[in-house]
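Take a look at the structure set out below.
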Amino acid sequence: MTIGDFSRATRLSAKALRFYHRVGLLEPAAVDPNNQYRYYGRGQIEDARVIHHLRSLDMPVEEIHRALQASGEEAKNAIIADHLQRMEERLAHTQSAVESLRRLLTDPTQRVQIERRNIASMSALVIRGSIDLADLGAWFTNANAGLDDAVTRSRITTDGPRGGLWSTELFLDEHGECALFQPVAPSSAPPEGGRAVLESLPAATLAVATHRGSDATIGEVYADLGAYVNEHGIGAPGPVRETYLEGTPGRDGTTEIGWPITASSTRN
């Protein structure tokens, strides 16, 4: 097939076909050595359609190349399925962000219930870091796996839901201290090896609100907490404490967010 007929059959422009040839995604069946005209085989139409669909879904060229070069249909489909999963997660995040913005425009008043709470000191396995804000997601995933490994390897008895500590500087300067922690039984022995260490987290006084859903809407709860603490003049230094009650943080989880406040404010 001439490049014109192949373009019509696949709805890919000559420019796109030349690009896919150059990066090794879709090489012509033959190239005339005299005039460099490209010719394609009928069997290449299906590959061209797959490439066209995947590119329309923003799949990187490198991933498409990996999929097309995969040994076997199962391996190829697995690569494509991974990308589709990421697209679905991105779509869900966008939908949540749109809903959050609509609520903000139509009902800017406080929407969450806030309580003041004294949190006792606790024994916990802790992984700490000093990171850039842009690296928070990757750091969280890695630290979460590190805590899982420490609990499994050391056979430590957990004592409550996992949580995180996030410094003001992490958001203010886009670089700061953070920690992920797993409460454990007070009699637990320190784990051997790994990144997690056994600490006694200090008691804290917090204004606490609950968020349900993805990170796209968690900003609403942070905003309401900040407004509440400022209105009552009860803010105190210290990190924000998140407690992950159920589900997957950042996706479909239920998270308690604790904003540090003065100890005396719980008696008001």
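Just so we're on the same page: first chain in the structure tokens is A, next is B, and so on; residues restart at 1 for each chain, and ligands are numbered from 1 in the order they show up.
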
TODO: Would you kindly return, as a PyMOL selection string, each protein, DNA or RNA residue with an atom no farther than 9 Å from any atom of range 206-216 of chain A, considering only C-alpha atoms and excluding same-chain residues fewer than 4 positions away?
DONE: chain A and resi 92-98+100+112-119+220-222+224-225+228-229+240-241+248-263+266

Would you give me, as a PDB file with N, CA, C and O atoms, in the first residue's frame, the residues in range 149-201 of chain A that DSSP reads as alpha helix (DSSP H)?
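Below you can see result_27.pdb, which holds the result:
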ATOM      1  N   ASP A 149       7.518  -3.887  55.738  1.00  0.00           N
ATOM      2  CA  ASP A 149       8.637  -4.815  55.857  1.00  0.00           C
ATOM      3  C   ASP A 149       9.091  -4.946  57.307  1.00  0.00           C
ATOM      4  O   ASP A 149       9.351  -6.051  57.793  1.00  0.00           O
ATOM      5  N   ALA A 150       9.167  -3.817  58.023  1.00  0.00           N
ATOM      6  CA  ALA A 150       9.618  -3.848  59.418  1.00  0.00           C
ATOM      7  C   ALA A 150       8.653  -4.621  60.301  1.00  0.00           C
ATOM      8  O   ALA A 150       9.060  -5.401  61.162  1.00  0.00           O
ATOM      9  N   VAL A 151       7.347  -4.415  60.089  1.00  0.00           N
ATOM     10  CA  VAL A 151       6.340  -5.120  60.891  1.00  0.00           C
ATOM     11  C   VAL A 151       6.393  -6.623  60.628  1.00  0.00           C
ATOM     12  O   VAL A 151       6.379  -7.440  61.547  1.00  0.00           O
ATOM     13  N   THR A 152       6.483  -7.003  59.344  1.00  0.00           N
ATOM     14  CA  THR A 152       6.510  -8.424  58.982  1.00  0.00           C
ATOM     15  C   THR A 152       7.776  -9.103  59.467  1.00  0.00           C
ATOM     16  O   THR A 152       7.729 -10.188  60.059  1.00  0.00           O
ATOM     17  N   ARG A 153       8.901  -8.450  59.228  1.00  0.00           N
ATOM     18  CA  ARG A 153      10.191  -9.069  59.557  1.00  0.00           C
ATOM     19  C   ARG A 153      10.402  -9.187  61.059  1.00  0.00           C
ATOM     20  O   ARG A 153      10.955 -10.175  61.544  1.00  0.00           O
ATOM     21  N   SER A 154       9.953  -8.192  61.818  1.00  0.00           N
ATOM     22  CA  SER A 154      10.186  -8.179  63.257  1.00  0.00           C
ATOM     23  C   SER A 154       9.050  -8.788  64.060  1.00  0.00           C
ATOM     24  O   SER A 154       9.147  -8.920  65.274  1.00  0.00           O
ATOM     25  N   THR A 168       5.329  22.225  58.545  1.00  0.00           N
ATOM     26  CA  THR A 168       4.888  23.435  57.853  1.00  0.00           C
ATOM     27  C   THR A 168       5.825  23.771  56.698  1.00  0.00           C
ATOM     28  O   THR A 168       5.397  24.180  55.614  1.00  0.00           O
ATOM     29  N   GLU A 169       7.144  23.581  56.921  1.00  0.00           N
ATOM     30  CA  GLU A 169       8.137  23.931  55.908  1.00  0.00           C
ATOM     31  C   GLU A 169       7.951  23.131  54.620  1.00  0.00           C
ATOM     32  O   GLU A 169       8.273  23.610  53.528  1.00  0.00           O
ATOM     33  N   LEU A 170       7.452  21.905  54.736  1.00  0.00           N
ATOM     34  CA  LEU A 170       7.258  21.072  53.553  1.00  0.00           C
ATOM     35  C   LEU A 170       6.313  21.751  52.562  1.00  0.00           C
ATOM     36  O   LEU A 170       6.503  21.665  51.346  1.00  0.00           O
ATOM     37  N   PHE A 171       5.305  22.449  53.080  1.00  0.00           N
ATOM     38  CA  PHE A 171       4.342  23.147  52.219  1.00  0.00           C
ATOM     39  C   PHE A 171       4.767  24.592  51.956  1.00  0.00           C
ATOM     40  O   PHE A 171       4.627  25.098  50.836  1.00  0.00           O
ATOM     41  N   LEU A 172       5.325  25.240  52.971  1.00  0.00           N
ATOM     42  CA  LEU A 172       5.705  26.642  52.843  1.00  0.00           C
ATOM     43  C   LEU A 172       6.891  26.826  51.904  1.00  0.00           C
ATOM     44  O   LEU A 172       6.892  27.705  51.024  1.00  0.00           O
TER      45      LEU A 172
END

TODO: Kindly indicate which residue among A:Met87, A:Ala70, A:Ala204, A:Gln182 lies nearest to Asp58 in chain A, using only C-alpha atoms for the distances.
DONE: A:Met87

Task: Given only C-alpha atoms as the counted atoms, nearest of A:Leu180, A:Thr2, A:Glu88, A:Ala124 to Phe140 in chain A - done: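 Among the listed residues, the smallest separation from Phe140 in chain A belongs to A:Leu180.
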
Open item on the list: Residues within 12 Å of Glu27 in chain A, please, as number ranges by chain. Count only C-alpha atoms; anything in the same chain fewer than 2 positions from it doesn't count.
Closed with: A: 3, 16-25, 29-31, 38-41, 44-45, 47-48, 65

Task: Spatial neighbours of His175 in chain A, 9 Å, only C-alpha atoms, chain gap at least 6 places, as a ChimeraX atom specification - done: /A:130-134,169
